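query.txt follows; it contains compact mmCIF, C-alpha atoms.
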# COMPACT_ATOMS: atom_id res chain seq x y z
CA VAL X 133 12.36 -4.60 -16.36
CA PRO X 134 11.86 -7.11 -19.16
CA HIS X 135 8.89 -9.34 -18.34
CA ASN X 136 5.82 -11.08 -19.73
CA GLN X 137 2.24 -9.89 -19.28
CA THR X 138 1.64 -12.95 -17.07
CA ASP X 139 4.31 -11.61 -14.65
CA GLU X 140 2.13 -8.57 -13.81
CA TYR X 141 -0.05 -8.45 -10.69
CA TYR X 142 -2.18 -5.84 -8.94
CA ILE X 143 -2.14 -5.14 -5.21
CA CYS X 144 -3.81 -2.49 -3.09
CA ILE X 145 -3.72 -2.09 0.69
CA GLN X 146 -6.15 0.25 2.45
CA SER X 147 -6.78 1.20 6.05
CA PHE X 148 -10.30 1.36 7.37
CA ARG X 149 -11.59 2.17 10.85
CA SER X 150 -11.41 -1.40 12.16
CA ASN X 151 -9.22 -3.25 9.67
CA ASP X 152 -6.69 -3.13 6.88
CA GLU X 153 -7.64 -4.74 3.60
CA VAL X 154 -5.39 -6.27 0.97
CA LEU X 155 -6.92 -6.43 -2.51
CA PHE X 156 -5.04 -8.63 -4.98
CA TYR X 157 -5.62 -9.59 -8.59
CA HIS X 158 -3.52 -12.10 -10.54
CA GLU X 159 -3.41 -9.78 -13.56
CA GLY X 160 -2.00 -6.26 -13.59
CA GLY X 161 -1.08 -3.45 -15.90
CA VAL X 162 -2.94 -0.71 -17.73
CA ASP X 163 -5.73 -2.99 -18.94
CA VAL X 164 -6.45 -4.56 -15.55
CA GLY X 165 -10.07 -3.37 -15.54
CA ASP X 166 -12.36 -3.36 -12.51
CA VAL X 167 -10.21 -4.89 -9.79
CA ASP X 168 -12.84 -4.15 -7.16
CA ALA X 169 -15.12 -6.63 -8.88
CA LYS X 170 -12.47 -9.15 -9.96
CA GLY X 171 -9.89 -9.11 -7.16
CA VAL X 172 -9.72 -11.17 -3.98
CA ARG X 173 -9.52 -9.63 -0.52
CA LEU X 174 -7.86 -10.35 2.78
CA SER X 175 -9.16 -8.41 5.77
CA LEU X 176 -6.76 -7.97 8.69
CA ALA X 177 -8.05 -6.69 12.02
CA ILE X 178 -6.02 -3.93 13.62
CA GLY X 179 -3.05 -5.65 15.25
CA GLU X 180 -3.56 -8.92 13.34
CA GLN X 181 -0.39 -9.95 11.53
CA PRO X 182 -0.68 -11.63 8.14
CA THR X 183 1.04 -14.96 7.59
CA ILE X 184 2.53 -16.48 4.46
CA GLU X 185 0.01 -19.33 4.68
CA GLY X 186 -2.96 -16.99 5.17
CA VAL X 187 -1.92 -14.73 2.29
CA SER X 188 -1.35 -17.72 0.00
CA GLN X 189 -4.76 -19.20 0.77
CA ALA X 190 -6.73 -15.95 0.61
CA LEU X 191 -5.05 -14.14 -2.27
CA LEU X 192 -2.80 -16.34 -4.38
CA GLU X 193 -5.03 -19.18 -5.58
CA LYS X 194 -4.37 -18.35 -9.25
CA ILE X 195 -0.62 -17.84 -8.86
CA PRO X 196 1.74 -20.62 -10.03
CA ALA X 197 2.85 -22.81 -7.12
CA SER X 198 6.52 -22.01 -7.79
CA ARG X 199 5.85 -18.32 -7.02
CA LYS X 200 3.32 -18.51 -4.16
CA GLU X 201 5.53 -18.67 -1.10
CA TYR X 202 7.93 -15.94 -2.21
CA LEU X 203 5.14 -13.62 -3.37
CA ALA X 204 3.22 -14.25 -0.13
CA GLY X 205 6.35 -13.35 1.84
CA PHE X 206 6.64 -10.13 -0.12
CA ILE X 207 2.99 -9.26 0.62
CA VAL X 208 3.48 -9.98 4.34
CA ALA X 209 6.51 -7.65 4.35
CA LEU X 210 4.59 -5.03 2.35
CA VAL X 211 1.78 -5.01 4.92
CA LYS X 212 4.37 -4.55 7.68
CA LEU X 213 5.93 -1.62 5.81
CA PHE X 214 2.45 -0.17 5.15
CA ARG X 215 1.67 -0.21 8.86
CA ASP X 216 5.11 0.80 10.15
CA LEU X 217 5.17 3.90 7.94
CA ASN X 218 1.52 4.78 8.57
CA PHE X 219 0.25 4.52 5.04
CA VAL X 220 -3.52 4.66 4.66
CA TYR X 221 -3.54 3.63 0.99
CA MET X 222 -1.04 1.91 -1.27
CA GLU X 223 -1.70 0.66 -4.78
CA ILE X 224 0.93 -1.04 -6.93
CA ASN X 225 0.05 -1.75 -10.54
CA PRO X 226 1.78 -3.53 -12.00
CA LEU X 227 3.73 -5.45 -9.45
CA VAL X 228 6.06 -7.57 -11.56
CA MET X 229 7.48 -10.91 -10.47
CA THR X 230 9.80 -12.60 -12.94
CA ASP X 231 10.75 -16.28 -13.05
CA ASP X 232 14.05 -15.55 -11.31
CA GLY X 233 12.09 -14.38 -8.22
CA ARG X 234 12.74 -10.68 -8.74
CA ILE X 235 9.81 -8.52 -7.57
CA THR X 236 9.60 -4.97 -8.93
CA PRO X 237 6.83 -2.42 -8.41
CA LEU X 238 6.57 -0.54 -11.72
CA ASP X 239 3.97 2.03 -10.65
CA MET X 240 2.60 3.02 -7.27
CA ALA X 241 0.13 5.46 -5.77
CA ALA X 242 0.05 5.98 -2.02
CA LYS X 243 -1.32 8.12 0.77
CA ILE X 244 0.20 8.52 4.22
CA ASP X 245 -1.48 9.63 7.43
CA GLU X 246 -0.36 13.22 8.00
CA THR X 247 -1.19 12.95 11.71
CA ALA X 248 1.60 10.37 12.05
CA HIS X 249 4.25 12.88 11.01
CA PHE X 250 5.70 13.03 14.52
CA LEU X 251 6.13 9.24 14.47
CA ASN X 252 7.58 8.84 10.99
CA ALA X 253 9.28 12.12 10.08
CA ALA X 254 12.72 10.49 9.94
CA GLN X 255 11.52 7.63 7.68
CA TRP X 256 9.41 9.85 5.43
CA GLY X 257 12.06 12.49 4.91
CA SER X 258 11.09 16.00 3.91
CA ILE X 259 7.41 15.89 2.98
CA GLU X 260 5.23 18.94 2.69
CA PHE X 261 1.50 18.32 3.00
CA PRO X 262 -0.65 20.53 0.79
CA ALA X 263 -3.76 22.37 1.90
CA PRO X 264 -7.03 20.56 1.15
CA PHE X 265 -7.82 20.43 -2.55
CA GLY X 266 -9.33 23.59 -3.97
CA ARG X 267 -8.24 26.16 -1.42
CA ALA X 268 -5.15 27.79 -0.02
CA GLU X 269 -4.00 27.19 3.53
CA PHE X 270 -5.30 29.75 6.04
CA PRO X 271 -2.69 31.62 8.15
CA GLU X 272 -4.11 29.97 11.29
CA GLU X 273 -3.62 26.52 9.73
CA ALA X 274 -0.02 27.36 8.88
CA PHE X 275 0.57 28.46 12.48
CA ILE X 276 -0.95 25.25 13.91
CA LYS X 277 1.00 23.13 11.41
CA LYS X 278 4.23 24.79 12.58
CA LEU X 279 3.33 24.07 16.21
CA ASP X 280 2.46 20.45 15.38
CA GLN X 281 5.78 19.89 13.65
CA SER X 282 7.71 21.03 16.69
CA SER X 283 5.70 18.96 19.16
CA GLY X 284 4.90 15.28 19.48
CA SER X 285 1.75 16.05 21.46
CA SER X 286 -0.78 15.99 18.65
Hey, can you dump this file as structure tokens for me?
Amino acid sequence: VPHNQTDEYYICIQSFRSNDEVLFYHEGGVDVGDVDAKGVRLSLAIGEQPTIEGVSQALLEKIPASRKEYLAGFIVALVKLFRDLNFVYMEINPLVMTDDGRITPLDMAAKIDETAHFLNAAQWGSIEFPAPFGRAEFPEEAFIKKLDQSSGSS
């Protein structure tokens, strides 16, 4: 996607115990630096829906006026997708928005909540969750996983 450096943004959405947080920075790409220190945040209580106005005011102060409403609408839709598909973490860097209004995520890292498999299996497709880092899955864990996949009770 041909674009200018000024078209690159950074966005990260994370779930916490009592809220979801959107972290945004008006610069993106490989040299973005410490976004935790530089970015702006919008905290959304569980069940609270973001609005275009709220996103614009909280996150998009340094975005050109001609892009604010459309980018805010994208962020509102991204939060909805994040919640509907039970993500717990989603980072897009860079998120590119060109002058013609085209928004393209060029790189993304994400984590989904494995316990929501029974809710989102159709949307997620065929996903295999690995054993915790550093060890193989125990036979008992494999057995329980098989039971969980065939039941919506857990």
How close does each residue of stretch 229-285 of chain X get to stretch 137-159 of chain X, giving the shortest atom pair and distance in Å to one decimal for every residue with an atom at most 12 Å away, counting only C-alpha atoms, sorted by chain and residue number, as CSV?
residue,atom,partner,partner_atom,distance
X:Met229,CA,X:Asp139,CA,5.3
X:Thr230,CA,X:Asp139,CA,5.8
X:Asp231,CA,X:Asp139,CA,8.1
X:Asp232,CA,X:Asp139,CA,11.0
X:Gly233,CA,X:Asp139,CA,10.5
X:Arg234,CA,X:Asp139,CA,10.3
X:Ile235,CA,X:Asp139,CA,9.5
X:Thr236,CA,X:Glu140,CA,9.6
X:Pro237,CA,X:Tyr141,CA,9.4
X:Leu238,CA,X:Glu140,CA,9.4
X:Asp239,CA,X:Tyr142,CA,10.1
X:Met240,CA,X:Cys144,CA,9.4
X:Ala241,CA,X:Cys144,CA,9.3
X:Ala242,CA,X:Ile145,CA,9.3
X:Lys243,CA,X:Gln146,CA,9.4
X:Ile244,CA,X:Ser147,CA,10.3
X:Asp245,CA,X:Ser147,CA,10.1
Worksheet item: Leaving out stretch 184-196 of chain X and any residue of its chain fewer than 5 positions from it, which residues lie within 6 Å of it when counting only C-alpha atoms, given as a ChimeraX atom specification?
Response: /X:172,204-205
Discussion item. Calculated over all atoms listed in the file, which of the candidates X:Val228, X:Asp280, X:Tyr221, X:Phe206 has the smallest distance to X:His135?
Written reply: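 With all atoms listed in the file as the atom set, the closest residue is X:Val228.
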Discussion item. So that I can see what lies close to stretch 257-267 of chain X, please list as an MDAnalysis selection string the residues with an atom at most 8 Å from it, counting all atoms listed in the file and leaving out residues fewer than 3 positions away in the same chain.
Written reply: chainID X and resid 246 253:254
Item to complete: Using all atoms listed in the file, pick whichever of X:Glu272, X:Phe214, X:Lys277, X:Val208 has the shortest atom-to-atom distance to X:Leu174.
Response: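 Smallest separation from X:Leu174 among the options: X:Val208.
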Item to complete: Please indicate the distance in Å from atom CA of X:Gly160 to atom CA of X:Ala197, rounded to one decimal place.
Response: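 That distance, rounded to one decimal, is 18.4 Å.
Closest to X:Val162 among X:Ser198, X:Leu217, X:Lys212, X:Asn225 is X:Asn225, based on all atoms listed in the file.
Using only C-alpha atoms, the smallest distance between any of X:Gly171, X:Thr247, X:Val133, X:Lys200 and X:Val220 comes from X:Thr247.
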Item to complete: For the point (10.6, 11.3, 16.4) in the file's frame, write as a list of chain:residue names all residues with an atom no more than 12 Å away, counting all atoms listed in the file.
Response: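 So the residues meeting the distance criterion are X:Ala248, X:His249, X:Phe250, X:Leu251, X:Asn252, X:Ala253, X:Ala254, X:Gln255, X:Trp256, X:Gly257, X:Gln281, X:Ser282, X:Ser283, X:Gly284, X:Ser285.
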Discussion item. Could you check the closest approach to X:Pro182 for each of X:Ala274, X:Leu210, X:Leu279, X:Met222 and tell me which residue wins, using only C-alpha atoms?
Written reply: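 That would be X:Leu210, the residue with the smallest distance to X:Pro182.
The spacing separating atom CA of X:Asp163 from atom CA of X:Leu203 amounts to 21.8 Å.
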Discussion item. Quick check, in Å to one decimal: how far apart do atom CA of X:Val164 and atom CA of X:Glu223 lie?
Written reply: 12.9 Å
Practice prompt. Find, counting only C-alpha atoms, the residue in X:Asp166, X:Asn218, X:Val211, X:Tyr202 that gets nearest to X:Glu180.
Written response: X:Val211
